[in-house]
$ cat run33.pdb   # PDB, C-alpha atoms
MODEL        1
ATOM      1  CA  MET A   7     -20.901  67.976  -5.330
ATOM      2  CA  ASN A   8     -22.422  68.676  -8.762
ATOM      3  CA  PHE A   9     -25.950  69.985  -8.324
ATOM      4  CA  LYS A  10     -26.391  71.609 -11.692
ATOM      5  CA  GLY A  11     -29.985  72.558 -12.372
ATOM      6  CA  THR A  12     -31.064  72.629  -8.734
ATOM      7  CA  LEU A  13     -29.452  75.978  -7.858
ATOM      8  CA  PRO A  14     -32.590  78.053  -8.670
ATOM      9  CA  THR A  15     -34.673  75.832  -6.354
ATOM     10  CA  LEU A  16     -32.073  76.126  -3.588
ATOM     11  CA  ILE A  17     -32.044  79.923  -3.993
ATOM     12  CA  LEU A  18     -35.845  80.068  -3.708
ATOM     13  CA  GLU A  19     -35.695  77.851  -0.625
ATOM     14  CA  ALA A  20     -33.049  80.125   0.932
ATOM     15  CA  LEU A  21     -35.301  83.132   0.302
ATOM     16  CA  MET A  22     -38.421  81.520   1.789
ATOM     17  CA  ARG A  23     -37.724  82.643   5.339
ATOM     18  CA  GLU A  24     -36.659  86.218   4.641
ATOM     19  CA  PRO A  25     -35.302  88.483   1.875
ATOM     20  CA  SER A  26     -31.555  88.333   1.567
ATOM     21  CA  HIS A  27     -28.506  89.447  -0.402
ATOM     22  CA  GLY A  28     -26.405  87.145  -2.578
ATOM     23  CA  TYR A  29     -23.660  86.431  -0.073
ATOM     24  CA  ARG A  30     -26.127  85.394   2.635
ATOM     25  CA  ILE A  31     -28.014  83.182   0.170
ATOM     26  CA  ALA A  32     -24.763  81.413  -0.731
ATOM     27  CA  GLN A  33     -23.825  80.933   2.917
ATOM     28  CA  ARG A  34     -27.310  79.640   3.790
ATOM     29  CA  ILE A  35     -27.138  76.999   1.060
ATOM     30  CA  LYS A  36     -23.671  75.891   2.162
ATOM     31  CA  GLU A  37     -24.554  75.820   5.853
ATOM     32  CA  ARG A  38     -27.851  73.980   5.418
ATOM     33  CA  SER A  39     -26.186  71.371   3.195
ATOM     34  CA  GLU A  40     -23.338  71.112   5.752
ATOM     35  CA  GLY A  41     -20.819  72.097   3.096
ATOM     36  CA  VAL A  42     -21.810  69.380   0.625
ATOM     37  CA  LEU A  43     -23.289  71.842  -1.876
ATOM     38  CA  ASN A  44     -20.176  73.975  -2.183
ATOM     39  CA  PHE A  45     -20.779  75.815  -5.460
ATOM     40  CA  ARG A  46     -18.814  78.621  -7.102
ATOM     41  CA  GLU A  47     -20.329  81.832  -5.800
ATOM     42  CA  GLY A  48     -19.780  83.717  -9.075
ATOM     43  CA  THR A  49     -22.468  81.543 -10.655
ATOM     44  CA  LEU A  50     -25.067  82.467  -8.030
ATOM     45  CA  TYR A  51     -25.856  85.880  -9.511
ATOM     46  CA  PRO A  52     -26.620  84.738 -13.078
ATOM     47  CA  ALA A  53     -29.101  82.287 -11.519
ATOM     48  CA  LEU A  54     -30.590  85.101  -9.418
ATOM     49  CA  HIS A  55     -30.933  87.329 -12.497
ATOM     50  CA  LYS A  56     -32.659  84.543 -14.388
ATOM     51  CA  LEU A  57     -35.119  84.063 -11.525
ATOM     52  CA  GLU A  58     -35.727  87.805 -11.490
ATOM     53  CA  ILE A  59     -36.423  87.904 -15.246
ATOM     54  CA  GLU A  60     -38.866  85.006 -14.807
ATOM     55  CA  GLY A  61     -40.620  86.901 -11.998
ATOM     56  CA  MET A  62     -39.735  84.326  -9.312
ATOM     57  CA  VAL A  63     -37.782  86.819  -7.193
ATOM     58  CA  GLU A  64     -37.635  90.605  -7.070
ATOM     59  CA  SER A  65     -34.691  92.766  -6.125
ATOM     60  CA  PHE A  66     -34.553  95.899  -4.027
ATOM     61  CA  ASP A  67     -31.875  98.028  -2.383
ATOM     62  CA  SER A  68     -31.506  97.714   1.370
ATOM     63  CA  PHE A  69     -29.311  99.671   3.754
ATOM     64  CA  GLU A  70     -27.247  97.394   6.018
ATOM     65  CA  GLN A  71     -24.256  98.246   8.195
ATOM     66  CA  GLY A  72     -23.799 101.616   6.522
ATOM     67  CA  ARG A  73     -23.873 100.165   3.004
ATOM     68  CA  THR A  74     -26.500  99.826   0.312
ATOM     69  CA  ARG A  75     -26.940  96.207  -0.705
ATOM     70  CA  ARG A  76     -28.885  94.543  -3.474
ATOM     71  CA  CYS A  77     -31.356  92.188  -1.796
ATOM     72  CA  TYR A  78     -33.794  89.682  -3.231
ATOM     73  CA  ARG A  79     -37.205  88.496  -2.069
ATOM     74  CA  ILE A  80     -39.300  85.610  -3.307
ATOM     75  CA  THR A  81     -42.547  86.445  -5.157
ATOM     76  CA  GLU A  82     -45.866  84.584  -5.172
ATOM     77  CA  ALA A  83     -44.871  82.966  -8.495
ATOM     78  CA  GLY A  84     -41.581  81.916  -6.878
ATOM     79  CA  ARG A  85     -43.409  80.297  -3.955
ATOM     80  CA  GLY A  86     -45.577  78.400  -6.416
ATOM     81  CA  MET A  87     -42.523  77.215  -8.332
ATOM     82  CA  LEU A  88     -40.790  76.142  -5.127
ATOM     83  CA  THR A  89     -43.809  74.082  -4.044
ATOM     84  CA  LYS A  90     -43.839  72.385  -7.452
ATOM     85  CA  ASP A  91     -40.059  71.788  -7.382
ATOM     86  CA  ARG A  92     -40.248  70.313  -3.875
ATOM     87  CA  ALA A  93     -42.932  67.835  -4.943
ATOM     88  CA  GLU A  94     -40.920  66.847  -8.049
ATOM     89  CA  TRP A  95     -37.744  66.455  -6.010
ATOM     90  CA  ARG A  96     -39.455  64.228  -3.421
ATOM     91  CA  GLU A  97     -40.795  62.023  -6.193
ATOM     92  CA  LEU A  98     -37.406  61.823  -7.939
ATOM     93  CA  SER A  99     -35.578  61.252  -4.667
ATOM     94  CA  ARG A 100     -37.984  58.442  -3.690
ATOM     95  CA  ALA A 101     -37.524  56.772  -7.080
ATOM     96  CA  VAL A 102     -33.701  56.980  -7.016
ATOM     97  CA  THR A 103     -33.555  55.812  -3.378
ATOM     98  CA  SER A 104     -35.725  52.820  -4.159
ATOM     99  CA  ILE A 105     -33.381  51.840  -7.034
ATOM    100  CA  LEU A 106     -30.112  52.466  -5.196
ATOM    101  CA  GLY A 107     -31.507  50.897  -2.049
ATOM    102  CA  GLU A 108     -32.071  47.665  -3.959
ATOM    103  CA  ALA A 109     -28.526  47.618  -5.420
TER
ATOM    104  CA  MET B  15      -4.788  95.643 -11.177
ATOM    105  CA  THR B  16      -5.972  93.567  -8.217
ATOM    106  CA  GLY B  17      -7.116  89.968  -8.488
ATOM    107  CA  LEU B  18     -10.728  91.078  -8.175
ATOM    108  CA  ASP B  19     -10.325  93.699 -10.933
ATOM    109  CA  TYR B  20      -8.939  91.034 -13.256
ATOM    110  CA  TRP B  21     -11.772  88.648 -12.338
ATOM    111  CA  LEU B  22     -14.362  91.365 -13.013
ATOM    112  CA  LYS B  23     -12.725  92.293 -16.311
ATOM    113  CA  GLN B  24     -13.077  88.702 -17.511
ATOM    114  CA  ALA B  25     -16.558  88.210 -16.045
ATOM    115  CA  THR B  26     -17.925  91.366 -17.697
ATOM    116  CA  CYS B  27     -16.300  90.789 -21.092
ATOM    117  CA  ASN B  28     -18.764  91.626 -23.946
ATOM    118  CA  LEU B  29     -21.511  92.653 -21.544
ATOM    119  CA  ALA B  30     -23.441  95.905 -22.087
ATOM    120  CA  ALA B  31     -22.236  98.842 -19.963
ATOM    121  CA  ALA B  32     -25.300  98.715 -17.664
ATOM    122  CA  SER B  33     -25.008  94.921 -17.250
ATOM    123  CA  ALA B  34     -21.270  95.183 -16.523
ATOM    124  CA  ALA B  35     -21.894  97.887 -13.904
ATOM    125  CA  GLN B  36     -24.506  95.670 -12.245
ATOM    126  CA  VAL B  37     -22.124  92.681 -12.181
ATOM    127  CA  ARG B  38     -19.284  94.788 -10.796
ATOM    128  CA  ARG B  39     -21.497  96.133  -8.028
ATOM    129  CA  GLU B  40     -22.913  92.794  -6.888
ATOM    130  CA  ILE B  41     -19.618  90.927  -7.090
ATOM    131  CA  GLN B  42     -17.739  93.686  -5.243
ATOM    132  CA  GLU B  43     -20.385  93.614  -2.482
ATOM    133  CA  HIS B  44     -20.155  89.821  -2.325
ATOM    134  CA  TYR B  45     -16.353  89.845  -2.299
ATOM    135  CA  GLU B  46     -16.223  92.442   0.503
ATOM    136  CA  LEU B  47     -18.643  90.434   2.678
ATOM    137  CA  ALA B  48     -16.704  87.207   2.073
ATOM    138  CA  ARG B  49     -13.403  88.928   2.851
ATOM    139  CA  GLU B  50     -14.750  90.541   6.039
ATOM    140  CA  ALA B  51     -16.236  87.215   7.195
ATOM    141  CA  ALA B  52     -12.867  85.492   6.677
ATOM    142  CA  ILE B  53     -11.035  88.230   8.600
ATOM    143  CA  ALA B  54     -13.626  87.992  11.406
ATOM    144  CA  GLY B  55     -12.921  84.245  11.438
ATOM    145  CA  GLY B  56      -9.231  84.914  12.143
ATOM    146  CA  ALA B  57      -7.731  84.885   8.631
ATOM    147  CA  THR B  58      -5.042  87.349   7.574
ATOM    148  CA  ALA B  59      -6.076  90.113   5.137
ATOM    149  CA  GLU B  60      -4.165  88.448   2.282
ATOM    150  CA  PHE B  61      -5.598  84.992   2.915
ATOM    151  CA  ALA B  62      -9.101  86.448   3.285
ATOM    152  CA  ALA B  63      -8.804  88.262  -0.077
ATOM    153  CA  ALA B  64      -7.468  85.141  -1.787
ATOM    154  CA  SER B  65     -10.171  82.856  -0.367
ATOM    155  CA  ALA B  66     -12.959  85.353  -1.235
ATOM    156  CA  LEU B  67     -11.673  85.470  -4.808
ATOM    157  CA  LYS B  68     -11.311  81.692  -5.021
ATOM    158  CA  ALA B  69     -14.886  81.210  -3.784
ATOM    159  CA  LEU B  70     -16.155  83.172  -6.806
ATOM    160  CA  GLY B  71     -14.878  80.441  -9.119
ATOM    161  CA  ALA B  72     -13.736  80.824 -12.724
ATOM    162  CA  ALA B  73     -14.458  84.259 -14.194
ATOM    163  CA  LYS B  74     -14.923  82.826 -17.689
ATOM    164  CA  THR B  75     -17.622  80.437 -16.464
ATOM    165  CA  ALA B  76     -19.396  83.312 -14.722
ATOM    166  CA  ASN B  77     -19.089  85.398 -17.924
ATOM    167  CA  ARG B  78     -20.697  82.630 -19.982
ATOM    168  CA  GLN B  79     -23.594  82.455 -17.532
ATOM    169  CA  TYR B  80     -23.947  86.227 -17.281
ATOM    170  CA  ARG B  81     -24.128  86.517 -21.076
ATOM    171  CA  ARG B  82     -27.077  84.116 -21.041
ATOM    172  CA  VAL B  83     -29.114  86.330 -18.691
ATOM    173  CA  LEU B  84     -27.820  89.901 -19.079
ATOM    174  CA  LEU B  85     -27.679  92.093 -22.180
ATOM    175  CA  THR B  86     -24.453  91.898 -24.167
ATOM    176  CA  SER B  87     -22.912  94.945 -25.832
ATOM    177  CA  GLY B  88     -24.202  93.770 -29.242
ATOM    178  CA  GLU B  89     -27.744  93.372 -27.933
ATOM    179  CA  ALA B  90     -27.660  96.802 -26.289
ATOM    180  CA  ARG B  91     -26.511  98.270 -29.634
ATOM    181  CA  SER B  92     -29.359  96.500 -31.414
ATOM    182  CA  LEU B  93     -31.869  97.877 -28.874
ATOM    183  CA  ARG B  94     -30.532 101.406 -29.361
ATOM    184  CA  GLY B  95     -30.840 101.024 -33.148
ATOM    185  CA  GLY B  96     -34.441  99.841 -32.757
ATOM    186  CA  GLU B  97     -35.257 102.773 -30.498
ATOM    187  CA  PHE B  98     -33.877 105.144 -33.134
ATOM    188  CA  GLU B  99     -36.139 103.526 -35.766
ATOM    189  CA  ALA B 100     -39.166 103.718 -33.448
ATOM    190  CA  ARG B 101     -38.476 107.393 -32.739
ATOM    191  CA  ALA B 102     -38.106 108.048 -36.467
ATOM    192  CA  VAL B 103     -41.511 106.473 -37.146
ATOM    193  CA  CYS B 104     -43.253 108.135 -34.179
ATOM    194  CA  SER B 105     -41.871 111.596 -34.849
ATOM    195  CA  ARG B 106     -42.960 111.632 -38.513
ATOM    196  CA  PRO B 107     -46.753 111.244 -38.772
ATOM    197  CA  TRP B 108     -46.538 110.833 -42.551
ATOM    198  CA  LEU B 109     -44.367 107.719 -42.040
ATOM    199  CA  ARG B 110     -47.122 106.149 -39.934
ATOM    200  CA  TRP B 111     -49.368 106.372 -42.975
ATOM    201  CA  MET B 112     -46.721 105.696 -45.566
ATOM    202  CA  LEU B 113     -45.474 102.374 -44.175
ATOM    203  CA  PRO B 114     -48.819 100.522 -44.288
ATOM    204  CA  ALA B 115     -49.625 102.284 -47.586
ATOM    205  CA  LEU B 116     -46.636 100.759 -49.380
ATOM    206  CA  PRO B 117     -47.936  97.141 -49.373
ATOM    207  CA  LEU B 118     -51.349  98.494 -50.436
ATOM    208  CA  ALA B 119     -49.645 100.335 -53.303
ATOM    209  CA  GLY B 120     -47.916  97.047 -54.157
ATOM    210  CA  LEU B 121     -51.306  95.312 -54.269
ATOM    211  CA  ALA B 122     -52.667  98.082 -56.515
ATOM    212  CA  VAL B 123     -49.680  97.698 -58.855
ATOM    213  CA  ALA B 124     -50.218  93.921 -58.916
ATOM    214  CA  ALA B 125     -53.899  94.416 -59.783
ATOM    215  CA  ALA B 126     -53.032  96.930 -62.500
ATOM    216  CA  LEU B 127     -50.453  94.564 -64.003
ATOM    217  CA  PHE B 128     -52.896  91.672 -63.873
ATOM    218  CA  PHE B 129     -55.647  93.554 -65.663
ATOM    219  CA  THR B 130     -53.245  94.793 -68.340
ATOM    220  CA  GLY B 131     -52.295  91.211 -69.122
ATOM    221  CA  HIS B 132     -48.912  91.011 -67.316
ATOM    222  CA  VAL B 133     -49.858  87.997 -65.217
ATOM    223  CA  SER B 134     -46.320  86.903 -64.288
ATOM    224  CA  ALA B 135     -45.237  90.420 -63.219
ATOM    225  CA  ALA B 136     -48.539  90.806 -61.324
ATOM    226  CA  ARG B 137     -47.830  87.589 -59.438
ATOM    227  CA  ASP B 138     -44.344  88.801 -58.463
ATOM    228  CA  ALA B 139     -45.655  92.218 -57.377
ATOM    229  CA  LEU B 140     -48.367  90.556 -55.300
ATOM    230  CA  ILE B 141     -45.882  88.263 -53.583
ATOM    231  CA  ILE B 142     -43.454  91.090 -52.881
ATOM    232  CA  ALA B 143     -46.293  93.203 -51.436
ATOM    233  CA  ILE B 144     -47.413  90.337 -49.180
ATOM    234  CA  GLY B 145     -43.824  89.483 -48.201
ATOM    235  CA  MET B 146     -43.006  93.083 -47.284
ATOM    236  CA  SER B 147     -46.249  93.906 -45.497
ATOM    237  CA  PRO B 148     -45.359  92.448 -42.037
ATOM    238  CA  ALA B 149     -42.130  94.455 -41.862
ATOM    239  CA  LEU B 150     -43.805  97.661 -43.014
ATOM    240  CA  THR B 151     -47.076  97.420 -41.120
ATOM    241  CA  GLY B 152     -45.622  95.914 -37.908
ATOM    242  CA  PRO B 153     -44.461  99.209 -36.350
ATOM    243  CA  VAL B 154     -47.975 100.692 -36.578
ATOM    244  CA  LEU B 155     -50.026  97.614 -35.628
ATOM    245  CA  PRO B 156     -51.359  97.262 -32.036
ATOM    246  CA  ILE B 157     -49.015  94.427 -31.023
ATOM    247  CA  TYR B 158     -48.401  94.806 -27.302
ATOM    248  CA  THR B 159     -48.775  91.301 -25.862
ATOM    249  CA  PRO B 160     -46.468  88.253 -26.175
ATOM    250  CA  ILE B 161     -49.262  86.206 -27.774
ATOM    251  CA  ARG B 162     -49.965  88.808 -30.472
ATOM    252  CA  SER B 163     -46.215  89.093 -30.937
ATOM    253  CA  ARG B 164     -45.877  85.352 -31.507
ATOM    254  CA  VAL B 165     -48.772  85.319 -33.974
ATOM    255  CA  PHE B 166     -47.278  88.287 -35.823
ATOM    256  CA  ARG B 167     -43.867  86.614 -36.079
ATOM    257  CA  VAL B 168     -45.377  83.389 -37.398
ATOM    258  CA  VAL B 169     -47.270  85.380 -40.044
ATOM    259  CA  LYS B 170     -44.172  87.450 -40.849
ATOM    260  CA  TRP B 171     -41.868  84.479 -41.314
ATOM    261  CA  SER B 172     -44.470  82.510 -43.243
ATOM    262  CA  GLY B 173     -44.902  85.537 -45.537
ATOM    263  CA  ILE B 174     -41.174  86.059 -46.037
ATOM    264  CA  THR B 175     -40.449  82.346 -46.587
ATOM    265  CA  GLY B 176     -43.404  81.898 -48.921
ATOM    266  CA  ALA B 177     -42.505  84.991 -50.954
ATOM    267  CA  LEU B 178     -38.881  83.873 -51.261
ATOM    268  CA  LEU B 179     -39.806  80.351 -52.304
ATOM    269  CA  ILE B 180     -42.091  81.629 -55.044
ATOM    270  CA  VAL B 181     -40.087  84.623 -56.309
ATOM    271  CA  VAL B 182     -36.522  83.285 -56.095
ATOM    272  CA  PRO B 183     -35.735  80.805 -58.893
ATOM    273  CA  VAL B 184     -34.773  77.274 -57.771
ATOM    274  CA  ASP B 185     -31.157  77.557 -59.017
ATOM    275  CA  VAL B 186     -30.571  80.791 -57.031
ATOM    276  CA  ARG B 187     -32.007  79.497 -53.732
ATOM    277  CA  SER B 188     -28.746  77.973 -52.584
ATOM    278  CA  SER B 189     -26.513  80.814 -53.811
ATOM    279  CA  TRP B 190     -24.212  82.703 -51.438
ATOM    280  CA  LEU B 191     -25.819  85.962 -52.566
ATOM    281  CA  LEU B 192     -29.219  84.942 -51.197
ATOM    282  CA  PHE B 193     -27.697  83.609 -47.977
ATOM    283  CA  SER B 194     -25.673  86.778 -47.421
ATOM    284  CA  SER B 195     -28.791  88.911 -48.011
ATOM    285  CA  LEU B 196     -30.861  86.878 -45.591
ATOM    286  CA  TRP B 197     -28.118  86.664 -42.996
ATOM    287  CA  ILE B 198     -28.861  90.180 -41.652
ATOM    288  CA  ILE B 199     -32.561  89.361 -41.193
ATOM    289  CA  VAL B 200     -31.780  86.069 -39.457
ATOM    290  CA  TRP B 201     -29.130  87.712 -37.241
ATOM    291  CA  THR B 202     -31.514  90.502 -36.214
ATOM    292  CA  GLU B 203     -34.212  87.956 -35.397
ATOM    293  CA  ARG B 204     -31.760  85.867 -33.372
ATOM    294  CA  THR B 205     -30.609  88.951 -31.423
ATOM    295  CA  ARG B 206     -34.215  89.962 -30.720
ATOM    296  CA  ALA B 207     -35.053  86.428 -29.526
ATOM    297  CA  SER B 208     -32.087  86.550 -27.157
ATOM    298  CA  ILE B 209     -33.128  89.983 -25.805
ATOM    299  CA  ARG B 210     -36.715  88.747 -25.321
ATOM    300  CA  ARG B 211     -35.397  86.009 -23.027
ATOM    301  CA  LYS B 212     -33.374  88.521 -21.003
ATOM    302  CA  LEU B 213     -35.873  91.331 -20.494
ATOM    303  CA  PRO B 214     -39.127  91.009 -18.555
ATOM    304  CA  VAL B 215     -42.137  91.498 -20.867
ATOM    305  CA  ALA B 216     -43.013  94.764 -19.112
ATOM    306  CA  ALA B 217     -39.684  96.200 -20.285
ATOM    307  CA  TRP B 218     -39.975  95.158 -23.947
ATOM    308  CA  PRO B 219     -39.780  98.017 -26.431
ATOM    309  CA  LYS B 220     -42.077  97.810 -29.490
ATOM    310  CA  GLN B 221     -39.363  96.311 -31.708
ATOM    311  CA  LEU B 222     -39.187  93.155 -29.562
ATOM    312  CA  TYR B 223     -42.844  92.389 -30.279
ATOM    313  CA  LEU B 224     -42.187  92.338 -34.026
TER
ENDMDL
END
$ encode --input "run33.pdb" --output "structure tokens"
Amino acid sequence: MNFKGTLPTLILEALMREPSHGYRIAQRIKERSEGVLNFREGTLYPALHKLEIEGMVESFDSFEQGRTRRCYRITEAGRGMLTKDRAEWRELSRAVTSILGEA
Amino acid sequence: MTGLDYWLKQATCNLAAASAAQVRREIQEHYELAREAAIAGGATAEFAAASALKALGAAKTANRQYRRVLLTSGEARSLRGGEFEARAVCSRPWLRWMLPALPLAGLAVAAALFFTGHVSAARDALIIAIGMSPALTGPVLPIYTPIRSRVFRVVKWSGITGALLIVVPVDVRSSWLLFSSLWIIVWTERTRASIRRKLPVAAWPKQLYL
């Protein structure tokens, strides 16, 4: 399914519970959407870098299973953005549902 | 060359060395995790490698997106050039005085020409001095915040545009010579704007504020 433009919000949502590396973020999005949001994983990292430049997430190195991995955690600014995005999405979703529901 | 190597080669095309190294590292980590998860799920090594690669999607699409957020080789070159200029200014104290003094000298010349009756030449000297002053005084002005940077750029471009409109005769304004001379300035400004979007403000060198 095409969900262009919502990937940054989904990444922030995936990072809300705990810091994570790219692969786990991708899997979390796919699992929670029950496979509907099946995006190309190569495009996840540019979105993560953009969020990092904007100060919404920060990266750090973590040692897992004998390997150093690049992990990301959500910042206060990121939490604020996610709250705003959630409210906007609910409003949009309600509006579209009311139109499609009438059709 | 493995499938992943080929994917990485395409995805890192035209990226700066540091950006390319970062992409290689994160994609290799991602690929390994995806491959191991597929093998743990019962897939053969070959199928796991193929599915991990397929999940990454088109390398060219990733490259396009990476170039929007990471420094390209051209931008890294431009940053290095700017650092060289900044070092040149900082390491020569006389240059720190000389650069702001040049527009002042231009103003003095304009005044001298005006009082000796050369009004037209005085006008041109005045405009050139005003037009050049942002570029010459910028490196030594205390511009260290994005707001000051924006104000400075507005003043700079207003000065340059105004000076050009007044000094350059109407019939020369659309000539290829003028366009080719201005092209370097416009290109540098465009590159700096792109770098500003890609680097956090805390990491901006002085040149990006100008």
$ closest_residue --input "run33.pdb" --among "A:Ala93, A:Gly48, A:Gly61, A:Arg85" --to "chain B" --atoms "all atoms listed in the file"
A:Gly48
$ residues_around --input "run33.pdb" --residues "stretch 58-72 of chain B" --least-positions-apart "5" --cutoff "6 Å" --atoms "all atoms listed in the file" --output "PDB file with C-alpha atoms, in the coordinates of the input"
ATOM      1  CA  ARG A  46     -18.814  78.621  -7.102  1.00  0.00           C
ATOM      2  CA  GLU A  47     -20.329  81.832  -5.800  1.00  0.00           C
ATOM      3  CA  GLY A  48     -19.780  83.717  -9.075  1.00  0.00           C
TER       4      GLY A  48
ATOM      5  CA  TYR B  45     -16.353  89.845  -2.299  1.00  0.00           C
ATOM      6  CA  ALA B  48     -16.704  87.207   2.073  1.00  0.00           C
ATOM      7  CA  ARG B  49     -13.403  88.928   2.851  1.00  0.00           C
ATOM      8  CA  ALA B  52     -12.867  85.492   6.677  1.00  0.00           C
ATOM      9  CA  ILE B  53     -11.035  88.230   8.600  1.00  0.00           C
TER      10      ILE B  53
END
$ resolve_selection --input "run33.pdb" --expression "the ChimeraX specification (/A :<10) & /B" --output "VMD selection string"
chain B and resid 21 25 36 to 37 39 to 41 43 to 48 66 to 84 211 to 215
$ resolve_selection --input "run33.pdb" --expression "the PyMOL selection byres ((chain B and resi 171) around 12)" --output "mmCIF file with C-alpha atoms, in the coordinates of the input"
data_model
loop_
_atom_site.group_PDB
_atom_site.id
_atom_site.type_symbol
_atom_site.label_atom_id
_atom_site.label_comp_id
_atom_site.auth_asym_id
_atom_site.auth_seq_id
_atom_site.Cartn_x
_atom_site.Cartn_y
_atom_site.Cartn_z
ATOM 1 C CA ILE B 144 -47.413 90.337 -49.180
ATOM 2 C CA GLY B 145 -43.824 89.483 -48.201
ATOM 3 C CA MET B 146 -43.006 93.083 -47.284
ATOM 4 C CA SER B 147 -46.249 93.906 -45.497
ATOM 5 C CA PRO B 148 -45.359 92.448 -42.037
ATOM 6 C CA ALA B 149 -42.130 94.455 -41.862
ATOM 7 C CA ARG B 164 -45.877 85.352 -31.507
ATOM 8 C CA VAL B 165 -48.772 85.319 -33.974
ATOM 9 C CA PHE B 166 -47.278 88.287 -35.823
ATOM 10 C CA ARG B 167 -43.867 86.614 -36.079
ATOM 11 C CA VAL B 168 -45.377 83.389 -37.398
ATOM 12 C CA VAL B 169 -47.270 85.380 -40.044
ATOM 13 C CA LYS B 170 -44.172 87.450 -40.849
ATOM 14 C CA SER B 172 -44.470 82.510 -43.243
ATOM 15 C CA GLY B 173 -44.902 85.537 -45.537
ATOM 16 C CA ILE B 174 -41.174 86.059 -46.037
ATOM 17 C CA THR B 175 -40.449 82.346 -46.587
ATOM 18 C CA GLY B 176 -43.404 81.898 -48.921
ATOM 19 C CA ALA B 177 -42.505 84.991 -50.954
ATOM 20 C CA LEU B 178 -38.881 83.873 -51.261
ATOM 21 C CA LEU B 179 -39.806 80.351 -52.304
ATOM 22 C CA ILE B 199 -32.561 89.361 -41.193
ATOM 23 C CA VAL B 200 -31.780 86.069 -39.457
ATOM 24 C CA GLU B 203 -34.212 87.956 -35.397
ATOM 25 C CA LEU B 224 -42.187 92.338 -34.026
#
$ axis_aligned_box --input "run33.pdb" --around "stretch 81-93 of chain A" --padding-each-side "5 Å" --output "lines of an AutoDock Vina configuration file"
center_x = -43.0
center_y = 77.1
center_z = -6.2
size_x = 15.8
size_y = 28.6
size_z = 14.6
$ closest_residue --input "run33.pdb" --among "A:Leu18, A:Ser26, A:Leu88, A:Thr81" --to "A:Phe69" --atoms "all atoms listed in the file"
A:Ser26
$ closest_residue --input "run33.pdb" --among "B:Arg106, B:Arg206, B:Arg91, B:Lys220" --to "B:Asn28" --atoms "all atoms listed in the file"
B:Arg91
$ resolve_selection --input "run33.pdb" --expression "the PyMOL selection byres ((chain A and resi 20) around 10)" --output "MDAnalysis selection string"
chainID A and resid 14:19 21:26 30:35 38 79:80
$ write_last_selection --input "run33.pdb" --atoms "C-alpha atoms" --output "tab-separated table (two decimals), in the frame of the given file"
chain	number	residue	atom	x	y	z
A	14	PRO	CA	-32.59	78.05	-8.67
A	15	THR	CA	-34.67	75.83	-6.35
A	16	LEU	CA	-32.07	76.13	-3.59
A	17	ILE	CA	-32.04	79.92	-3.99
A	18	LEU	CA	-35.84	80.07	-3.71
A	19	GLU	CA	-35.70	77.85	-0.62
A	21	LEU	CA	-35.30	83.13	0.30
A	22	MET	CA	-38.42	81.52	1.79
A	23	ARG	CA	-37.72	82.64	5.34
A	24	GLU	CA	-36.66	86.22	4.64
A	25	PRO	CA	-35.30	88.48	1.88
A	26	SER	CA	-31.56	88.33	1.57
A	30	ARG	CA	-26.13	85.39	2.64
A	31	ILE	CA	-28.01	83.18	0.17
A	32	ALA	CA	-24.76	81.41	-0.73
A	33	GLN	CA	-23.82	80.93	2.92
A	34	ARG	CA	-27.31	79.64	3.79
A	35	ILE	CA	-27.14	77.00	1.06
A	38	ARG	CA	-27.85	73.98	5.42
A	79	ARG	CA	-37.20	88.50	-2.07
A	80	ILE	CA	-39.30	85.61	-3.31
